[in-house]
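Raw my_file.txt, compact mmCIF, C-alpha atoms:
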```txt
# COMPACT_ATOMS: atom_id res chain seq x y z
CA MET A 1365 33.09 3.91 39.41
CA ASN A 1366 29.96 5.74 38.24
CA LEU A 1367 28.31 5.06 34.92
CA ALA A 1368 29.69 8.13 33.15
CA ASP A 1369 33.22 7.12 34.12
CA ALA A 1370 32.56 3.54 33.01
CA PHE A 1371 31.44 4.76 29.59
CA ALA A 1372 34.45 7.08 29.33
CA ASP A 1373 36.93 4.39 30.39
CA GLN A 1374 35.45 1.89 27.95
CA ALA A 1375 35.55 4.52 25.20
CA ALA A 1376 39.26 5.06 25.78
CA SER A 1377 39.92 1.31 25.86
CA CYS A 1378 38.05 0.73 22.60
CA SER A 1379 39.95 3.54 20.93
CA ARG A 1380 43.25 2.01 22.03
CA MET A 1381 42.08 -1.34 20.66
CA GLY A 1382 41.55 0.07 17.19
CA SER A 1383 37.90 1.12 17.23
CA PRO A 1384 37.51 4.89 16.87
CA PHE A 1385 33.77 4.44 16.31
CA MET A 1386 33.28 2.72 19.68
CA GLY A 1387 35.35 5.45 21.26
CA GLN A 1388 33.06 8.05 19.71
CA LEU A 1389 29.85 6.20 20.60
CA LEU A 1390 30.72 5.53 24.23
CA SER A 1391 32.07 9.05 24.76
CA ILE A 1392 28.70 10.38 23.59
CA LEU A 1393 26.87 8.07 25.99
CA ALA A 1394 29.17 9.13 28.84
CA LYS A 1395 27.95 12.69 28.40
CA ASN A 1396 24.36 12.09 27.33
CA TRP A 1397 23.16 8.92 29.04
CA PRO A 1398 19.36 9.21 29.69
CA VAL A 1399 19.47 8.89 33.47
CA ASP A 1400 15.72 9.32 33.95
CA SER A 1401 14.71 6.70 31.38
CA ALA A 1402 13.82 3.05 32.02
CA LEU A 1403 17.29 2.08 30.82
CA GLY A 1404 18.85 4.70 33.04
CA ARG A 1405 17.03 3.40 36.11
CA LYS A 1406 17.93 -0.20 35.27
CA PHE A 1407 21.63 0.60 34.93
CA ALA A 1408 21.61 2.69 38.12
CA ALA A 1409 20.40 -0.35 40.07
CA PHE A 1410 23.50 -2.45 39.28
CA GLU A 1411 25.86 -2.95 42.20
CA GLY A 1412 29.56 -3.68 42.20
CA ASP A 1413 31.93 -3.23 39.28
CA ILE A 1414 29.99 -1.98 36.26
CA GLY A 1415 33.06 -1.70 34.03
CA PRO A 1416 34.83 -4.22 31.77
CA ALA A 1417 36.06 -6.39 34.64
CA GLY A 1418 32.52 -6.73 36.01
CA HIS A 1419 29.03 -6.21 34.61
CA SER A 1420 30.33 -4.48 31.46
CA LEU A 1421 27.33 -2.16 31.20
CA PRO A 1422 28.84 0.04 28.44
CA LEU A 1423 29.44 -2.98 26.22
CA ARG A 1424 25.97 -4.35 26.94
CA ILE A 1425 24.26 -1.26 25.58
CA ALA A 1426 26.71 -0.90 22.69
CA GLY A 1427 25.99 -4.51 21.72
CA GLY A 1428 22.26 -3.89 21.83
CA LEU A 1429 22.55 -0.87 19.56
CA HIS A 1430 24.71 -2.83 17.09
CA ALA A 1431 22.13 -5.64 17.11
CA LEU A 1432 19.49 -3.15 16.02
CA VAL A 1433 21.71 -2.19 13.09
CA LEU A 1434 22.65 -5.74 12.09
CA SER A 1435 19.02 -6.89 12.21
CA ASN A 1436 17.82 -3.92 10.13
CA ALA A 1437 15.49 -2.96 12.97
CA ALA A 1438 16.73 0.64 13.16
CA PRO A 1439 17.38 2.03 9.65
CA GLU A 1440 17.96 5.57 10.92
CA LEU A 1441 20.61 4.32 13.32
CA ALA A 1442 22.25 2.29 10.53
CA LYS A 1443 22.74 5.53 8.57
CA VAL A 1444 25.17 6.82 11.21
CA TYR A 1445 26.98 3.51 11.81
CA PRO A 1446 30.07 2.31 9.93
CA PRO A 1447 30.98 2.38 7.15
CA HIS A 1448 29.47 5.87 7.48
CA THR A 1449 31.43 8.54 9.36
CA VAL A 1450 29.32 11.23 11.01
CA SER A 1451 29.66 14.03 13.52
CA ASP A 1452 29.16 13.58 17.24
CA ALA A 1453 25.94 15.57 16.99
CA ALA A 1454 24.47 13.35 14.28
CA LEU A 1455 25.51 10.13 16.00
CA GLY A 1456 24.28 11.34 19.38
CA GLU A 1457 20.88 12.31 18.03
CA ALA A 1458 20.37 8.95 16.31
CA VAL A 1459 21.58 6.95 19.31
CA LEU A 1460 19.41 8.77 21.83
CA ASP A 1461 16.43 8.32 19.54
CA ALA A 1462 17.17 4.58 19.27
CA LEU A 1463 17.46 4.28 23.05
CA ASP A 1464 13.99 5.79 23.35
CA THR A 1465 12.34 4.03 20.39
CA HIS A 1466 13.73 0.58 21.15
CA THR A 1467 13.63 0.67 24.95
CA ALA A 1468 11.83 -2.67 25.33
CA PHE A 1469 14.35 -4.48 23.12
CA LEU A 1470 17.33 -2.92 24.89
CA LEU A 1471 15.97 -3.62 28.37
CA ASP A 1472 15.76 -7.29 27.44
CA TRP A 1473 19.10 -7.34 25.60
CA THR A 1474 21.07 -5.87 28.51
CA ASP A 1475 19.94 -8.58 30.93
CA SER A 1476 22.86 -10.70 29.71
CA VAL A 1477 26.59 -10.12 30.01
CA PRO A 1478 28.47 -9.56 26.73
CA GLN A 1479 29.07 -12.72 24.71
CA THR A 1480 31.58 -11.72 22.12
CA ASN A 1481 32.95 -15.24 21.70
CA GLU A 1482 36.02 -13.55 20.16
CA VAL A 1483 37.40 -16.27 17.92
CA ARG A 1484 40.80 -14.61 17.61
CA ARG A 1485 41.44 -15.67 21.22
CA SER A 1486 41.90 -19.14 19.76
CA ALA A 1487 45.34 -18.03 18.60
CA ALA A 1488 46.41 -18.04 22.26
CA LEU A 1489 44.53 -21.29 22.92
CA ILE A 1490 46.30 -23.02 20.03
CA ALA A 1491 49.71 -21.94 21.35
CA GLY A 1492 48.86 -22.94 24.92
CA ALA A 1493 47.49 -26.31 23.86
CA LEU A 1494 50.70 -27.01 21.95
CA VAL A 1495 52.65 -26.55 25.17
CA ALA A 1496 50.28 -28.88 27.03
CA VAL A 1497 50.55 -31.56 24.35
CA ASP A 1498 54.33 -31.14 24.33
CA ALA A 1499 54.25 -32.12 28.00
CA PHE A 1500 51.67 -34.92 27.64
CA ASP A 1501 51.46 -36.40 24.16
CA LEU A 1502 47.93 -37.77 24.43
CA PRO A 1503 44.56 -37.17 22.75
CA ILE A 1504 42.72 -34.25 24.30
CA CYS A 1505 39.47 -34.27 26.23
CA LEU A 1506 38.58 -30.56 26.00
CA SER A 1507 36.36 -28.68 28.47
CA GLU A 1508 35.55 -24.97 28.12
CA LEU A 1509 34.06 -22.81 30.87
CA GLY A 1510 32.03 -19.85 29.66
CA ALA A 1511 31.97 -21.25 26.12
CA SER A 1512 29.25 -18.92 24.77
CA GLY A 1513 28.63 -20.23 21.23
CA GLY A 1514 31.46 -22.75 21.26
CA LEU A 1515 33.61 -21.07 18.61
CA ASN A 1516 36.78 -21.39 20.68
CA LEU A 1517 36.07 -25.07 21.30
CA MET A 1518 36.90 -25.57 17.62
CA TRP A 1519 40.48 -24.25 17.67
CA ASP A 1520 41.81 -27.40 15.98
CA HIS A 1521 39.92 -26.29 12.85
CA TYR A 1522 41.87 -23.00 12.83
CA ALA A 1523 45.52 -22.24 12.20
CA LEU A 1524 48.06 -19.90 13.75
CA GLU A 1525 50.72 -18.45 11.47
CA ILE A 1526 53.85 -16.84 12.91
CA GLU A 1527 56.71 -15.57 10.77
CA GLY A 1528 55.68 -17.84 7.91
CA GLU A 1529 55.36 -20.95 10.12
CA ARG A 1530 51.93 -22.51 10.42
CA PHE A 1531 50.52 -24.30 13.46
CA GLY A 1532 47.35 -26.09 12.52
CA PRO A 1533 45.63 -27.50 9.42
CA ASN A 1534 46.74 -26.54 5.93
CA VAL A 1535 43.22 -25.45 4.98
CA PRO A 1536 41.84 -23.85 8.15
CA ALA A 1537 38.39 -22.37 8.58
CA VAL A 1538 40.11 -19.31 10.07
CA LEU A 1539 43.76 -18.24 9.87
CA PHE A 1540 45.21 -16.12 12.69
CA THR A 1541 48.24 -13.92 12.10
CA PRO A 1542 48.65 -12.00 15.38
CA GLU A 1543 51.54 -9.69 16.03
CA TRP A 1544 53.85 -12.15 17.81
CA GLU A 1545 56.69 -11.34 20.17
CA GLY A 1546 58.92 -14.03 21.63
CA PRO A 1547 59.93 -17.61 20.80
CA LEU A 1548 57.69 -19.88 18.78
CA PRO A 1549 55.43 -22.47 20.45
CA PRO A 1550 56.34 -26.14 20.01
CA HIS A 1551 55.43 -27.88 16.77
CA ARG A 1552 52.97 -30.59 17.79
CA ASN A 1553 49.83 -32.12 16.28
CA PRO A 1554 47.15 -32.01 18.96
CA MET A 1555 44.16 -34.29 18.48
CA ILE A 1556 40.90 -33.46 20.20
CA ALA A 1557 39.12 -36.74 20.88
CA GLU A 1558 36.18 -35.21 22.70
CA ARG A 1559 35.04 -31.66 23.44
CA ALA A 1560 32.32 -29.99 25.48
CA GLY A 1561 31.55 -26.57 26.89
CA VAL A 1562 29.19 -24.88 29.30
CA ASP A 1563 27.69 -21.43 29.59
CA LEU A 1564 24.93 -19.80 31.64
CA ASN A 1565 23.45 -18.57 28.39
CA PRO A 1566 24.85 -20.79 25.62
CA LEU A 1567 24.43 -19.70 22.05
CA ASP A 1568 23.94 -21.78 18.92
CA PRO A 1569 25.68 -20.14 15.94
CA ALA A 1570 23.42 -22.15 13.61
CA ARG A 1571 20.47 -20.05 14.84
CA GLY A 1572 20.10 -16.62 13.33
CA ASP A 1573 19.08 -14.92 16.58
CA HIS A 1574 22.01 -16.46 18.43
CA LEU A 1575 24.50 -15.55 15.73
CA LEU A 1576 23.14 -12.00 15.93
CA ARG A 1577 24.01 -11.84 19.63
CA MET A 1578 27.50 -13.14 18.96
CA THR A 1579 28.17 -10.68 16.15
CA ALA A 1580 26.51 -7.69 17.80
CA TYR A 1581 29.27 -7.50 20.39
CA LEU A 1582 31.85 -7.17 17.63
CA TRP A 1583 32.72 -3.55 17.05
CA PRO A 1584 31.01 -2.02 14.02
CA ASP A 1585 34.15 -0.54 12.46
CA GLN A 1586 36.06 -3.87 12.59
CA PRO A 1587 34.48 -5.93 9.79
CA GLU A 1588 37.35 -8.45 9.75
CA ARG A 1589 36.19 -9.73 13.15
CA LEU A 1590 32.70 -10.20 11.76
CA ASN A 1591 34.06 -12.20 8.82
CA MET A 1592 36.17 -14.43 11.09
CA THR A 1593 33.23 -15.07 13.41
CA ARG A 1594 30.96 -16.10 10.57
CA ALA A 1595 33.67 -18.41 9.17
CA ALA A 1596 34.17 -20.00 12.58
CA ALA A 1597 30.42 -20.40 13.02
CA SER A 1598 30.33 -22.48 9.83
CA VAL A 1599 32.40 -25.25 11.51
CA ALA A 1600 30.99 -24.96 15.04
CA THR A 1601 29.55 -28.44 15.58
CA THR A 1602 29.68 -28.65 19.37
CA ARG A 1603 26.87 -26.89 21.20
CA PRO A 1604 27.73 -25.82 24.76
CA VAL A 1605 25.29 -26.96 27.42
CA GLN A 1606 23.43 -24.56 29.69
CA GLY A 1607 24.43 -24.54 33.31
CA ASP A 1608 26.67 -23.25 36.03
CA ALA A 1609 30.26 -23.72 34.90
CA ILE A 1610 31.63 -24.99 38.19
CA GLU A 1611 28.73 -27.34 38.90
CA TRP A 1612 29.21 -28.77 35.39
CA LEU A 1613 32.96 -29.07 35.81
CA GLY A 1614 32.91 -31.25 38.93
CA PRO A 1615 31.38 -34.38 37.33
CA ARG A 1616 33.38 -33.82 34.16
CA LEU A 1617 36.63 -33.86 36.12
CA ALA A 1618 35.56 -37.07 37.84
CA ARG A 1619 34.95 -38.94 34.59
CA ALA A 1620 37.95 -37.73 32.60
CA PRO A 1621 39.06 -40.78 30.58
CA GLN A 1622 42.28 -42.69 30.97
CA GLY A 1623 44.78 -42.27 28.16
CA HIS A 1624 43.68 -38.68 27.52
CA LEU A 1625 44.88 -35.23 28.49
CA HIS A 1626 41.97 -33.36 30.08
CA LEU A 1627 42.42 -29.75 29.00
CA ILE A 1628 40.27 -27.11 30.73
CA GLN A 1629 40.20 -23.74 28.97
CA HIS A 1630 38.53 -20.38 29.43
CA THR A 1631 39.08 -16.93 27.95
CA VAL A 1632 37.85 -13.73 29.63
CA ALA A 1633 35.14 -15.69 31.45
CA TRP A 1634 36.51 -16.34 34.94
CA GLN A 1635 35.97 -12.70 35.92
CA TYR A 1636 32.22 -13.16 35.56
CA PHE A 1637 32.12 -16.01 38.09
CA PRO A 1638 31.28 -15.01 41.67
CA ALA A 1639 34.22 -15.15 44.07
CA SER A 1640 32.75 -18.19 45.80
CA ALA A 1641 32.44 -20.02 42.47
CA GLN A 1642 36.02 -19.14 41.58
CA ALA A 1643 37.25 -20.54 44.88
CA HIS A 1644 35.17 -23.71 44.47
CA GLY A 1645 36.32 -24.17 40.88
CA ARG A 1646 39.96 -23.74 41.81
CA ALA A 1647 39.60 -26.26 44.62
CA LEU A 1648 37.92 -28.79 42.30
CA ILE A 1649 40.63 -28.45 39.67
CA GLU A 1650 43.47 -28.67 42.19
CA ALA A 1651 41.89 -31.73 43.82
CA ALA A 1652 41.59 -33.41 40.41
CA GLY A 1653 45.18 -32.41 39.68
CA ALA A 1654 46.34 -34.13 42.85
CA GLN A 1655 44.84 -37.35 41.46
CA ALA A 1656 46.30 -36.91 37.97
CA SER A 1657 48.77 -39.38 36.52
CA ALA A 1658 50.96 -39.68 33.43
CA ASN A 1659 48.16 -41.64 31.75
CA ARG A 1660 45.44 -39.27 32.96
CA PRO A 1661 47.02 -35.80 33.11
CA LEU A 1662 45.22 -32.52 33.63
CA ALA A 1663 45.91 -29.08 32.14
CA TRP A 1664 44.28 -25.75 33.02
CA LEU A 1665 44.74 -23.11 30.32
CA SER A 1666 43.45 -19.59 30.96
CA MET A 1667 43.48 -16.25 29.20
CA GLU A 1668 42.16 -13.85 31.80
CA THR A 1669 42.59 -10.38 33.20
CA ASP A 1670 44.76 -10.32 36.29
CA GLY A 1671 43.64 -6.90 37.42
CA ASP A 1672 44.71 -4.62 34.59
CA THR A 1673 42.12 -4.38 31.81
CA THR A 1674 43.97 -1.92 29.59
CA ALA A 1675 44.55 -2.77 25.96
CA LYS A 1676 48.30 -2.28 26.34
CA ILE A 1677 48.61 -4.89 29.10
CA GLY A 1678 46.06 -7.39 27.80
CA ALA A 1679 45.24 -10.72 29.45
CA ALA A 1680 47.54 -13.12 31.25
CA LEU A 1681 48.16 -16.52 29.63
CA LYS A 1682 48.61 -19.22 32.28
CA LEU A 1683 48.95 -22.98 32.05
CA ARG A 1684 48.92 -25.35 35.04
CA LEU A 1685 49.89 -28.98 34.50
CA TRP A 1686 49.39 -32.08 36.62
CA PRO A 1687 50.89 -34.37 37.76
CA GLY A 1688 53.49 -32.13 39.32
CA ASP A 1689 51.36 -28.96 39.66
CA ILE A 1690 53.59 -26.98 37.32
CA THR A 1691 52.51 -23.39 36.63
CA LEU A 1692 53.72 -21.83 33.39
CA ASP A 1693 53.52 -18.11 32.68
CA LEU A 1694 53.06 -18.33 28.92
CA GLY A 1695 52.86 -14.58 28.36
CA ARG A 1696 50.13 -12.08 27.61
CA ALA A 1697 47.63 -11.57 24.82
CA ASP A 1698 45.50 -8.77 23.51
CA PHE A 1699 41.90 -9.25 24.66
CA HIS A 1700 40.88 -9.57 21.00
CA GLY A 1701 43.87 -11.66 19.97
CA ARG A 1702 45.58 -9.00 17.85
CA TRP A 1703 48.95 -9.55 19.54
CA ILE A 1704 50.62 -12.15 21.73
CA LYS A 1705 53.74 -11.61 23.85
CA TRP A 1706 55.00 -15.15 24.37
CA ASN A 1707 57.28 -16.01 27.28
CA HIS A 1708 57.52 -19.78 27.12
CA VAL A 1709 60.73 -21.36 25.87
CA ASN A 1710 60.29 -24.95 24.72
```

Would you write out, as structure tokens, the structure that this file holds?
Amino acid sequence: MNLADAFADQAASCSRMGSPFMGQLLSILAKNWPVDSALGRKFAAFEGDIGPAGHSLPLRIAGGLHALVLSNAAPELAKVYPPHTVSDAALGEAVLDALDTHTAFLLDWTDSVPQTNEVRRSAALIAGALVAVDAFDLPICLSELGASGGLNLMWDHYALEIEGERFGPNVPAVLFTPEWEGPLPPHRNPMIAERAGVDLNPLDPARGDHLLRMTAYLWPDQPERLNMTRAAASVATTRPVQGDAIEWLGPRLARAPQGHLHLIQHTVAWQYFPASAQAHGRALIEAAGAQASANRPLAWLSMETDGDTTAKIGAALKLRLWPGDITLDLGRADFHGRWIKWNHVN
């Protein structure tokens, strides 16, 4: 896939996921990307998949532009961003000017993969954790791979509401009401006794510059996502550590405490791990699962693409449980948590 196609594909995906502005912005960049600029040369040097299942170059640059708007660093660009609605010509002129004026900032910004830390994915994590606790009624030792700012480590502070039924605290920091299809998850009361996460570039939502990075990857014409992220940041007390996820996971698996369910979770992160790291991580988890017992069980909960990154298909929800090595196909979820198609019958 070339860069123009990557921009165009991402534009179509964003439009399908309810962001006409992102569709407009990325369509403009597909046609007008400054190939001969410093940014153009940097992006041309990337190898492998540059689309949403890989390096996500379109979302990197879109996030950088949004950061300029949110930080008030580009007032002329802000004039053509939501809530304003402008023509393609006006938006294109302002964006190309920003790419030129703020080249140094954007070169630095696009070194990192997108870190949306989409808190609405916790709706799927809550449901999946309820199934795990239904199988092993123990306090949870929670481990998140690719935790970014740790917002999804705090899912026990949020609530999921389906057809008037609530799963979670009565006064949650964030309330999720996704479009739900299928049976309800089990009614359980999970207790997280200990939680930790890891990321190559962990963010601290208590820091203004880090919260900017987290919010910049939210799409400018979806203010409800911004509000949810800021609410979740207010209760984010666990700071992910910096490190390689799989190297961090090995010792953590080895010291999982007795009398606890060790729950490993990750959402739209596994795809960013090299193939060798994925294989090593899978082997580590399966080896730990082979040693699991009823008093020291292990659960692996994932919300990840399984090859199809379209908005209609969404991400696969999988849960593996040990002892027994039981694999549950829980269903599928929108990448931003807007809908969940639930398969699991209690």

- request: Determine, counting all atoms listed in the file, which protein, DNA and RNA residues have an atom within 6 Å of an atom of range 1523-1530 of chain A; residues of the same chain fewer than 6 positions away are not included. Present the result as an MDAnalysis selection string.
  value: chainID A and resid 1487 1536 1539:1541

Resulting file, chosen residues, C-alpha atoms, as a PDB file, keeping the file's coordinate frame:
```pdb
ATOM      1  CA  ALA A1487      45.340 -18.030  18.600  1.00  0.00           C
ATOM      2  CA  PRO A1536      41.840 -23.850   8.150  1.00  0.00           C
ATOM      3  CA  LEU A1539      43.760 -18.240   9.870  1.00  0.00           C
ATOM      4  CA  PHE A1540      45.210 -16.120  12.690  1.00  0.00           C
ATOM      5  CA  THR A1541      48.240 -13.920  12.100  1.00  0.00           C
TER       6      THR A1541
END
```

field: Residues near range 1584-1590 of chain A, cut-off 12 Å, all atoms listed in the file, skip fewer than 6 positions along chain, as number ranges by chain
entry: A: 1378-1379, 1381-1389, 1426-1434, 1442, 1444-1449, 1480-1485, 1538-1540, 1575-1578, 1596-1597, 1700-1702

What are the closest atom pairs, with distances in Å to one decimal, for all residues of range 1457-1546 of chain A lying within 6 Å of range 1609-1630 of chain A? Consider all atoms listed in the file, order rows by chain and residue number, and present the result as a Markdown table.
```
| residue | atom | partner | partner_atom | distance |
| --- | --- | --- | --- | --- |
| A:Leu1502 | CA | A:His1624 | CA | 5.3 |
| A:Pro1503 | CA | A:His1624 | CA | 5.1 |
| A:Ile1504 | CA | A:Leu1625 | CA | 4.8 |
| A:Cys1505 | CA | A:His1626 | CA | 4.7 |
| A:Leu1506 | CA | A:Leu1627 | CA | 4.9 |
| A:Ser1507 | CA | A:Ile1628 | CA | 4.8 |
| A:Glu1508 | CA | A:Gln1629 | CA | 4.9 |
| A:Leu1509 | CA | A:His1630 | CA | 5.3 |
```

message: So that I can check the surroundings of Ala1654 in chain A, please list as a count of residues only every protein, DNA and RNA residue that reaches within 9 Å of it, counting all atoms listed in the file and ignoring chain neighbours fewer than 6 positions away.
response: 4

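Each of A:His1419, A:His1521, A:Arg1571, A:Arg1603 was compared to Asn1553 in chain A using all atoms listed in the file, and A:His1521 turns out to be the nearest.
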
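Reported to one decimal place, the separation of CA of Ser1512 in chain A from CA of Leu1683 in chain A is 21.4 Å.
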
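For the choices A:Pro1478, A:Pro1554, A:Pro1439, A:Gly1671, the atom-to-atom distance to Ala1496 in chain A is smallest for A:Pro1554 when using all atoms listed in the file.
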
- prompt: At what distance in Å, to one decimal, does CA of Phe1699 in chain A lie from CA of Arg1552 in chain A?
  reply: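 It comes out at 25.0 Å.
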
query: By how many Å are CA of Ser1451 in chain A and CA of Ala1437 in chain A apart?
result: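 Here the two named atoms are 22.1 Å from each other.
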
query: Looking at A:Leu1403, A:Phe1637, A:Trp1706, A:Leu1515, which one is nearest to Thr1579 in chain A, with distances taken over all atoms listed in the file?
result: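 Distance minimum relative to Thr1579 in chain A lands on A:Leu1515.
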
Spatial neighbours of range 1631-1635 of chain A, 6 Å, all atoms listed in the file, chain gap at least 6 places, as a PDB file with C-alpha atoms, in the frame of the given file:
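Below is the file that was written, result_10.pdb:
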```
ATOM      1  CA  GLY A1510      32.030 -19.850  29.660  1.00  0.00           C
ATOM      2  CA  SER A1666      43.450 -19.590  30.960  1.00  0.00           C
ATOM      3  CA  MET A1667      43.480 -16.250  29.200  1.00  0.00           C
ATOM      4  CA  GLU A1668      42.160 -13.850  31.800  1.00  0.00           C
TER       5      GLU A1668
END
```

message: Within 8 Å of (57.0, -17.0, 29.9) in the file's own coordinates, which protein, DNA or RNA residues have an atom, counting all atoms listed in the file? List them as an NGL selection string.
response: :A and (1692-1695 or 1706-1709)

What box, with edges along x, y and z, holds each listed atom of range 1624-1640 of chain A when 4 Å is added on every side, and can you state its centre and edge lengths in Å to one decimal, as lines of an AutoDock Vina configuration file?
```
center_x = 38.1
center_y = -25.7
center_z = 36.7
size_x = 21.6
size_y = 34.0
size_z = 26.3
```

query: Using all atoms listed in the file, which residue out of A:Gly1513, A:Ala1697, A:Ala1454, A:Pro1638 lies closest to Gln1606 in chain A?
result: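 When distances to Gln1606 in chain A are compared using all atoms listed in the file, the smallest one comes from A:Gly1513.
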
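Taking all atoms listed in the file, the non-local environment of Gly1607 in chain A within 9 Å (same-chain residues fewer than 4 positions away omitted) comprises Val1562, Asp1563, Leu1564, Asn1565, Pro1566, Glu1611 and Trp1612 of chain A.
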
Create the file for the chosen residues now, containing C-alpha atoms and written as a PDB file, in the coordinates of the input.
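The resulting file, result.pdb, is shown below:
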```pdb
ATOM      1  CA  VAL A1562      29.190 -24.880  29.300  1.00  0.00           C
ATOM      2  CA  ASP A1563      27.690 -21.430  29.590  1.00  0.00           C
ATOM      3  CA  LEU A1564      24.930 -19.800  31.640  1.00  0.00           C
ATOM      4  CA  ASN A1565      23.450 -18.570  28.390  1.00  0.00           C
ATOM      5  CA  PRO A1566      24.850 -20.790  25.620  1.00  0.00           C
ATOM      6  CA  GLU A1611      28.730 -27.340  38.900  1.00  0.00           C
ATOM      7  CA  TRP A1612      29.210 -28.770  35.390  1.00  0.00           C
TER       8      TRP A1612
END
```

- request: Pick out the closest residue to Leu1567 in chain A from this set: A:Ala1595, A:Ala1409, A:Ala1402, A:Ala1511. Count all atoms listed in the file.
  value: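 The shortest atom-to-atom distance to Leu1567 in chain A comes from A:Ala1511.
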
Distance criterion (all atoms listed in the file): nearest to Leu1390 in chain A out of A:Gly1404, A:Ile1425, A:Ala1560, A:Ala1417: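 Closest candidate: A:Ile1425.
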